[in-house]
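So the structure is just underneath, and the comments pick up after that.
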Amino acid sequence: MAVYDHNQGFDTSGRSRESPEAYGYFVTYMELGRSRSYGKVGEIVSTTEGNIRKFAKKYNWRERCAQYDADQVRANFADAKAESQKKHKAAIKRFRDEQMNRAQGMGDLADLMMELTAEKLMAMRAAGELPSEQSISNLAKTVASLADMAMNLQATGLGIDELVDTLETELGE
């Protein structure tokens with residue numbers, strides 16, 4: 001890609017160097033974006049459209065603008081992709097935090113159920129009552145199920161941490 005040196009003009013890869021005046025006209029043309037026209041440049045810089053056409057042809061303005069536009073599209077796409085990845089990462093972190101909160105809640109509930117069950121069994125024993133085997137079995141299954149759900153929710157949250165780490169690596173954070 002050609003590089004502009006303000007002291008020597010635009011290096012057009014072996015062709016004659018572009019004067020600062022011609023380069024200024026080119027920049028004006030390039031900055032017009034989708035509404036580029038030689039006539040508009042002529043109006044802006046107070047010269048004829050013919051004069052602008054001469055410079056445009058001599059210094060390959062269309063090709064240079066096409067390269068510039070392509071670079072801008074690539075840069076915009078990269079920015080949009082990075083922004084999308086950041087939003088995705090934030091959503092994943094929110095989900096992970098919610099999963100970890102659910103896991104904590106389920107674990108707390110399992111602990112409470114075990115305490116209540118132990119208290120109930122001690123009270124029944126003190127009163128000389130024995131719970132049925134079915135009741136004990138049902139309570140044990142309920143507590144085990146709650147503990148298992150809590151562990152699964154926490155494992156899901158931890159797995160999401162790995163995904164977040166991967167996204168951070170991709171985003172360079």
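Letters for chains follow the order of the structure tokens (A, B, ...), residue numbers begin at 1 for each chain, and ligand numbers begin at 1 in the order shown.
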
Segment 148-163 of chain A surroundings by only C-alpha atoms, 12 Å radius, close-in-sequence under 2 positions cut, as an mmCIF file with N, CA and C atoms, in the first residue's frame:
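So part_19.cif came out as:
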data_model
loop_
_atom_site.group_PDB
_atom_site.id
_atom_site.type_symbol
_atom_site.label_atom_id
_atom_site.label_comp_id
_atom_site.auth_asym_id
_atom_site.auth_seq_id
_atom_site.Cartn_x
_atom_site.Cartn_y
_atom_site.Cartn_z
ATOM 1 N N GLN A 85 -18.686 -10.078 20.789
ATOM 2 C CA GLN A 85 -18.071 -11.031 21.698
ATOM 3 C C GLN A 85 -18.108 -10.524 23.140
ATOM 4 N N HIS A 88 -21.600 -11.060 24.384
ATOM 5 C CA HIS A 88 -21.797 -12.492 24.610
ATOM 6 C C HIS A 88 -21.127 -12.922 25.913
ATOM 7 N N LYS A 89 -19.927 -12.443 26.131
ATOM 8 C CA LYS A 89 -19.198 -12.763 27.353
ATOM 9 C C LYS A 89 -19.965 -12.263 28.578
ATOM 10 N N ALA A 90 -20.487 -11.050 28.507
ATOM 11 C CA ALA A 90 -21.246 -10.486 29.635
ATOM 12 C C ALA A 90 -22.497 -11.323 29.917
ATOM 13 N N ALA A 91 -23.180 -11.753 28.857
ATOM 14 C CA ALA A 91 -24.380 -12.584 29.030
ATOM 15 C C ALA A 91 -24.021 -13.931 29.667
ATOM 16 N N ILE A 92 -22.913 -14.488 29.244
ATOM 17 C CA ILE A 92 -22.473 -15.768 29.811
ATOM 18 C C ILE A 92 -22.119 -15.589 31.283
ATOM 19 N N LYS A 93 -21.454 -14.494 31.618
ATOM 20 C CA LYS A 93 -21.114 -14.248 33.027
ATOM 21 C C LYS A 93 -22.375 -14.091 33.875
ATOM 22 N N ARG A 94 -23.379 -13.373 33.350
ATOM 23 C CA ARG A 94 -24.638 -13.228 34.086
ATOM 24 C C ARG A 94 -25.275 -14.599 34.321
ATOM 25 N N PHE A 95 -25.288 -15.423 33.269
ATOM 26 C CA PHE A 95 -25.862 -16.764 33.391
ATOM 27 C C PHE A 95 -25.089 -17.572 34.434
ATOM 28 N N ARG A 96 -23.768 -17.500 34.378
ATOM 29 C CA ARG A 96 -22.943 -18.223 35.352
ATOM 30 C C ARG A 96 -23.270 -17.773 36.774
ATOM 31 N N ASP A 97 -23.358 -16.460 36.975
ATOM 32 C CA ASP A 97 -23.664 -15.941 38.312
ATOM 33 C C ASP A 97 -25.035 -16.419 38.791
ATOM 34 N N GLU A 98 -26.006 -16.427 37.880
ATOM 35 C CA GLU A 98 -27.338 -16.917 38.239
ATOM 36 C C GLU A 98 -27.288 -18.408 38.602
ATOM 37 N N GLN A 99 -26.531 -19.176 37.834
ATOM 38 C CA GLN A 99 -26.399 -20.608 38.126
ATOM 39 C C GLN A 99 -25.742 -20.825 39.482
ATOM 40 N N MET A 100 -24.718 -20.042 39.772
ATOM 41 C CA MET A 100 -24.031 -20.187 41.050
ATOM 42 C C MET A 100 -24.964 -19.793 42.208
ATOM 43 N N ASN A 101 -25.783 -18.770 42.007
ATOM 44 C CA ASN A 101 -26.763 -18.387 43.032
ATOM 45 C C ASN A 101 -27.792 -19.492 43.247
ATOM 46 N N ARG A 102 -28.251 -20.081 42.128
ATOM 47 C CA ARG A 102 -29.196 -21.197 42.244
ATOM 48 C C ARG A 102 -28.558 -22.361 42.990
ATOM 49 N N ALA A 103 -27.316 -22.655 42.654
ATOM 50 C CA ALA A 103 -26.608 -23.752 43.311
ATOM 51 C C ALA A 103 -26.500 -23.494 44.809
ATOM 52 N N GLN A 104 -26.166 -22.260 45.157
ATOM 53 C CA GLN A 104 -26.068 -21.909 46.582
ATOM 54 C C GLN A 104 -27.420 -22.085 47.268
ATOM 55 N N GLY A 105 -28.475 -21.615 46.610
ATOM 56 C CA GLY A 105 -29.824 -21.746 47.174
ATOM 57 C C GLY A 105 -30.229 -23.196 47.366
ATOM 58 N N MET A 106 -29.940 -24.009 46.354
ATOM 59 C CA MET A 106 -30.289 -25.430 46.461
ATOM 60 C C MET A 106 -29.465 -26.109 47.546
ATOM 61 N N GLY A 107 -28.196 -25.756 47.646
ATOM 62 C CA GLY A 107 -27.349 -26.327 48.707
ATOM 63 C C GLY A 107 -27.846 -25.925 50.081
ATOM 64 N N ASP A 108 -28.222 -24.653 50.223
ATOM 65 C CA ASP A 108 -28.767 -24.176 51.508
ATOM 66 C C ASP A 108 -30.056 -24.920 51.852
ATOM 67 N N LEU A 109 -30.900 -25.126 50.830
ATOM 68 C CA LEU A 109 -32.147 -25.847 51.050
ATOM 69 C C LEU A 109 -31.882 -27.296 51.472
ATOM 70 N N ALA A 110 -30.905 -27.926 50.831
ATOM 71 C CA ALA A 110 -30.553 -29.307 51.204
ATOM 72 C C ALA A 110 -30.049 -29.354 52.641
ATOM 73 N N ASP A 111 -29.214 -28.378 53.021
ATOM 74 C CA ASP A 111 -28.716 -28.328 54.402
ATOM 75 C C ASP A 111 -29.864 -28.136 55.382
ATOM 76 N N LYS A 141 -34.190 -39.435 50.189
ATOM 77 C CA LYS A 141 -34.176 -39.202 48.731
ATOM 78 C C LYS A 141 -34.310 -37.715 48.413
ATOM 79 N N THR A 142 -35.175 -37.022 49.140
ATOM 80 C CA THR A 142 -35.377 -35.587 48.906
ATOM 81 C C THR A 142 -34.092 -34.810 49.181
ATOM 82 N N VAL A 143 -33.467 -35.098 50.306
ATOM 83 C CA VAL A 143 -32.225 -34.397 50.663
ATOM 84 C C VAL A 143 -31.134 -34.717 49.638
ATOM 85 N N ALA A 144 -31.001 -35.976 49.264
ATOM 86 C CA ALA A 144 -29.982 -36.363 48.281
ATOM 87 C C ALA A 144 -30.243 -35.700 46.936
ATOM 88 N N SER A 145 -31.500 -35.631 46.539
ATOM 89 C CA SER A 145 -31.859 -34.994 45.267
ATOM 90 C C SER A 145 -31.508 -33.506 45.280
ATOM 91 N N LEU A 146 -31.820 -32.815 46.363
ATOM 92 C CA LEU A 146 -31.483 -31.396 46.486
ATOM 93 C C LEU A 146 -29.969 -31.185 46.442
ATOM 94 N N ASP A 165 -13.208 -17.792 30.277
ATOM 95 C CA ASP A 165 -11.761 -17.693 30.115
ATOM 96 C C ASP A 165 -11.352 -17.770 28.650
ATOM 97 N N THR A 166 -12.015 -18.653 27.895
ATOM 98 C CA THR A 166 -11.735 -18.775 26.469
ATOM 99 C C THR A 166 -12.071 -17.485 25.742
ATOM 100 N N LEU A 167 -13.225 -16.893 26.039
ATOM 101 C CA LEU A 167 -13.600 -15.631 25.413
ATOM 102 C C LEU A 167 -12.641 -14.507 25.774
ATOM 103 N N GLU A 168 -12.199 -14.475 27.018
ATOM 104 C CA GLU A 168 -11.251 -13.437 27.429
ATOM 105 C C GLU A 168 -9.947 -13.581 26.660
ATOM 106 N N THR A 169 -9.519 -14.819 26.417
ATOM 107 C CA THR A 169 -8.303 -15.047 25.649
ATOM 108 C C THR A 169 -8.491 -14.550 24.209
ATOM 109 N N GLU A 170 -9.648 -14.849 23.617
ATOM 110 C CA GLU A 170 -9.926 -14.402 22.242
ATOM 111 C C GLU A 170 -10.000 -12.889 22.136
#

For the interface of segment 55-135 of chain A with segment 24-33 of chain A (cut-off 9 Å, counting only C-alpha atoms), please tabulate each contacting residue of segment 55-135 of chain A alongside its nearest pair of atoms and their separation in Å to one decimal, rows sorted by chain and increasing number, as a Markdown table.
| residue | atom | partner | partner_atom | distance |
| --- | --- | --- | --- | --- |
| A:Phe55 | CA | A:Phe26 | CA | 8.2 |
| A:Ala56 | CA | A:Phe26 | CA | 7.4 |
| A:Tyr59 | CA | A:Phe26 | CA | 8.7 |
| A:Trp61 | CA | A:Phe26 | CA | 6.7 |
| A:Arg62 | CA | A:Met30 | CA | 8.9 |
| A:Arg64 | CA | A:Met30 | CA | 8.7 |
| A:Cys65 | CA | A:Met30 | CA | 6.0 |
| A:Tyr68 | CA | A:Met30 | CA | 8.3 |
| A:Asp69 | CA | A:Gly33 | CA | 8.3 |

Would you save the residues of that selection, restricted to all heavy atoms, as a short mmCIF file (atom, residue, chain, number, x, y, z; two decimals), in the first residue's frame?
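Written out: selection32.cif:
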data_model
loop_
_atom_site.label_atom_id
_atom_site.label_comp_id
_atom_site.auth_asym_id
_atom_site.auth_seq_id
_atom_site.Cartn_x
_atom_site.Cartn_y
_atom_site.Cartn_z
N PHE A 55 -6.12 14.76 -12.18
CA PHE A 55 -5.40 14.25 -11.02
C PHE A 55 -5.88 12.84 -10.65
O PHE A 55 -5.08 11.97 -10.31
CB PHE A 55 -5.58 15.18 -9.81
CG PHE A 55 -4.79 16.45 -9.89
CD1 PHE A 55 -5.42 17.67 -9.79
CD2 PHE A 55 -3.41 16.43 -10.03
CE1 PHE A 55 -4.70 18.85 -9.85
CE2 PHE A 55 -2.68 17.61 -10.09
CZ PHE A 55 -3.33 18.83 -9.99
N ALA A 56 -7.17 12.63 -10.70
CA ALA A 56 -7.75 11.34 -10.32
C ALA A 56 -7.21 10.22 -11.20
O ALA A 56 -6.86 9.14 -10.71
CB ALA A 56 -9.27 11.40 -10.40
N TYR A 59 -3.29 9.71 -10.63
CA TYR A 59 -2.88 9.15 -9.34
C TYR A 59 -3.80 8.03 -8.82
O TYR A 59 -3.78 7.70 -7.64
CB TYR A 59 -2.75 10.27 -8.30
CG TYR A 59 -1.68 11.27 -8.68
CD1 TYR A 59 -2.02 12.57 -9.02
CD2 TYR A 59 -0.34 10.90 -8.72
CE1 TYR A 59 -1.06 13.49 -9.38
CE2 TYR A 59 0.64 11.81 -9.08
CZ TYR A 59 0.28 13.10 -9.42
OH TYR A 59 1.24 14.01 -9.78
N TRP A 61 -7.04 7.48 -8.14
CA TRP A 61 -7.88 7.76 -7.00
C TRP A 61 -8.91 6.65 -6.75
O TRP A 61 -9.14 6.27 -5.61
CB TRP A 61 -8.61 9.09 -7.17
CG TRP A 61 -7.76 10.30 -7.00
CD1 TRP A 61 -6.40 10.37 -6.88
CD2 TRP A 61 -8.22 11.64 -6.96
NE1 TRP A 61 -5.99 11.66 -6.75
CE2 TRP A 61 -7.10 12.48 -6.80
CE3 TRP A 61 -9.47 12.23 -7.05
CZ2 TRP A 61 -7.19 13.85 -6.72
CZ3 TRP A 61 -9.57 13.60 -6.97
CH2 TRP A 61 -8.44 14.41 -6.80
N ARG A 62 -9.52 6.16 -7.79
CA ARG A 62 -10.57 5.15 -7.60
C ARG A 62 -10.01 3.89 -6.94
O ARG A 62 -10.61 3.34 -6.02
CB ARG A 62 -11.25 4.81 -8.92
CG ARG A 62 -12.13 5.92 -9.44
CD ARG A 62 -12.91 5.46 -10.67
NE ARG A 62 -13.55 6.57 -11.35
CZ ARG A 62 -14.79 6.96 -11.11
NH1 ARG A 62 -15.52 6.34 -10.23
NH2 ARG A 62 -15.29 7.99 -11.77
N ARG A 64 -7.25 3.65 -5.15
CA ARG A 64 -6.82 3.97 -3.79
C ARG A 64 -8.01 4.07 -2.85
O ARG A 64 -7.96 3.61 -1.70
CB ARG A 64 -6.02 5.27 -3.79
CG ARG A 64 -4.64 5.09 -4.45
CD ARG A 64 -4.00 6.38 -4.88
NE ARG A 64 -3.81 7.36 -3.81
CZ ARG A 64 -3.49 8.63 -4.04
NH1 ARG A 64 -3.34 9.07 -5.29
NH2 ARG A 64 -3.33 9.47 -3.05
N CYS A 65 -9.09 4.68 -3.32
CA CYS A 65 -10.30 4.78 -2.48
C CYS A 65 -10.92 3.41 -2.26
O CYS A 65 -11.42 3.12 -1.16
CB CYS A 65 -11.31 5.74 -3.11
SG CYS A 65 -10.85 7.47 -2.88
N TYR A 68 -8.93 1.91 0.45
CA TYR A 68 -9.27 2.59 1.70
C TYR A 68 -10.63 2.11 2.21
O TYR A 68 -10.77 1.78 3.39
CB TYR A 68 -9.29 4.10 1.48
CG TYR A 68 -9.81 4.88 2.65
CD1 TYR A 68 -8.99 5.17 3.74
CD2 TYR A 68 -11.13 5.34 2.69
CE1 TYR A 68 -9.47 5.88 4.83
CE2 TYR A 68 -11.61 6.05 3.77
CZ TYR A 68 -10.78 6.32 4.84
OH TYR A 68 -11.27 7.02 5.91
N ASP A 69 -11.62 2.06 1.33
CA ASP A 69 -12.96 1.61 1.72
C ASP A 69 -12.93 0.18 2.23
O ASP A 69 -13.58 -0.15 3.23
CB ASP A 69 -13.94 1.74 0.55
CG ASP A 69 -14.22 3.19 0.16
OD1 ASP A 69 -13.92 4.10 0.97
OD2 ASP A 69 -14.73 3.40 -0.95
#

**OP:** Excluding segment 131-137 of chain A and any residue of its chain fewer than 6 positions from it, enumerate the residues within 12 Å of it, using only C-alpha atoms, and give them as number ranges by chain.
**Re:** A: 114, 117-118, 120-125, 143-144

**OP:** Name the closest residue to Arg34 of chain A among the candidates A:Lys58, A:Glu129, A:Ser19, A:Ala66; distances are taken between atoms, counting only C-alpha atoms.
**Re:**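 Nearest candidate to Arg34 of chain A out of A:Lys58, A:Glu129, A:Ser19, A:Ala66: A:Ala66.
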
**OP:** For atom CA of Gly39 of chain A and atom CA of Arg53 of chain A, quote the distance in Å rounded to one decimal.
**Re:**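 Distance reported for this atom pair: 8.8 Å.
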
**OP:** Identify, with DSSP run on backbone atoms, the residues in segment 18-51 of chain A assigned to alpha helix (DSSP H), and express the list as a ChimeraX atom specification.
**Re:** /A:20-31,38-45,49-51

**OP:** Just give me the gap between atom CA of Ser46 of chain A and atom CA of Gln72 of chain A in Å, one decimal is fine.
**Re:**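 If I compute the distance from atom CA of Ser46 of chain A to atom CA of Gln72 of chain A, I get 28.2 Å.
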
**OP:** Could you jot down the atom CA of Leu116 of chain A to atom CA of Leu130 of chain A separation for me, Å, one decimal place?
**Re:**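 Here the two named atoms are 15.9 Å from each other.
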
Original post:
Hey, what does DSSP flag as strand (DSSP E) within chain A? Can you give it to me as number ranges by chain?
Top reply: A: 4-5, 9-10

**OP:** Can you work out which one of A:Ala70, A:Ala22, A:Met113, A:Val45 has the shortest atom-to-atom distance to Asn138 of chain A, counting only C-alpha atoms?
**Re:**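 Ranked by minimum distance to Asn138 of chain A, first place goes to A:Met113.
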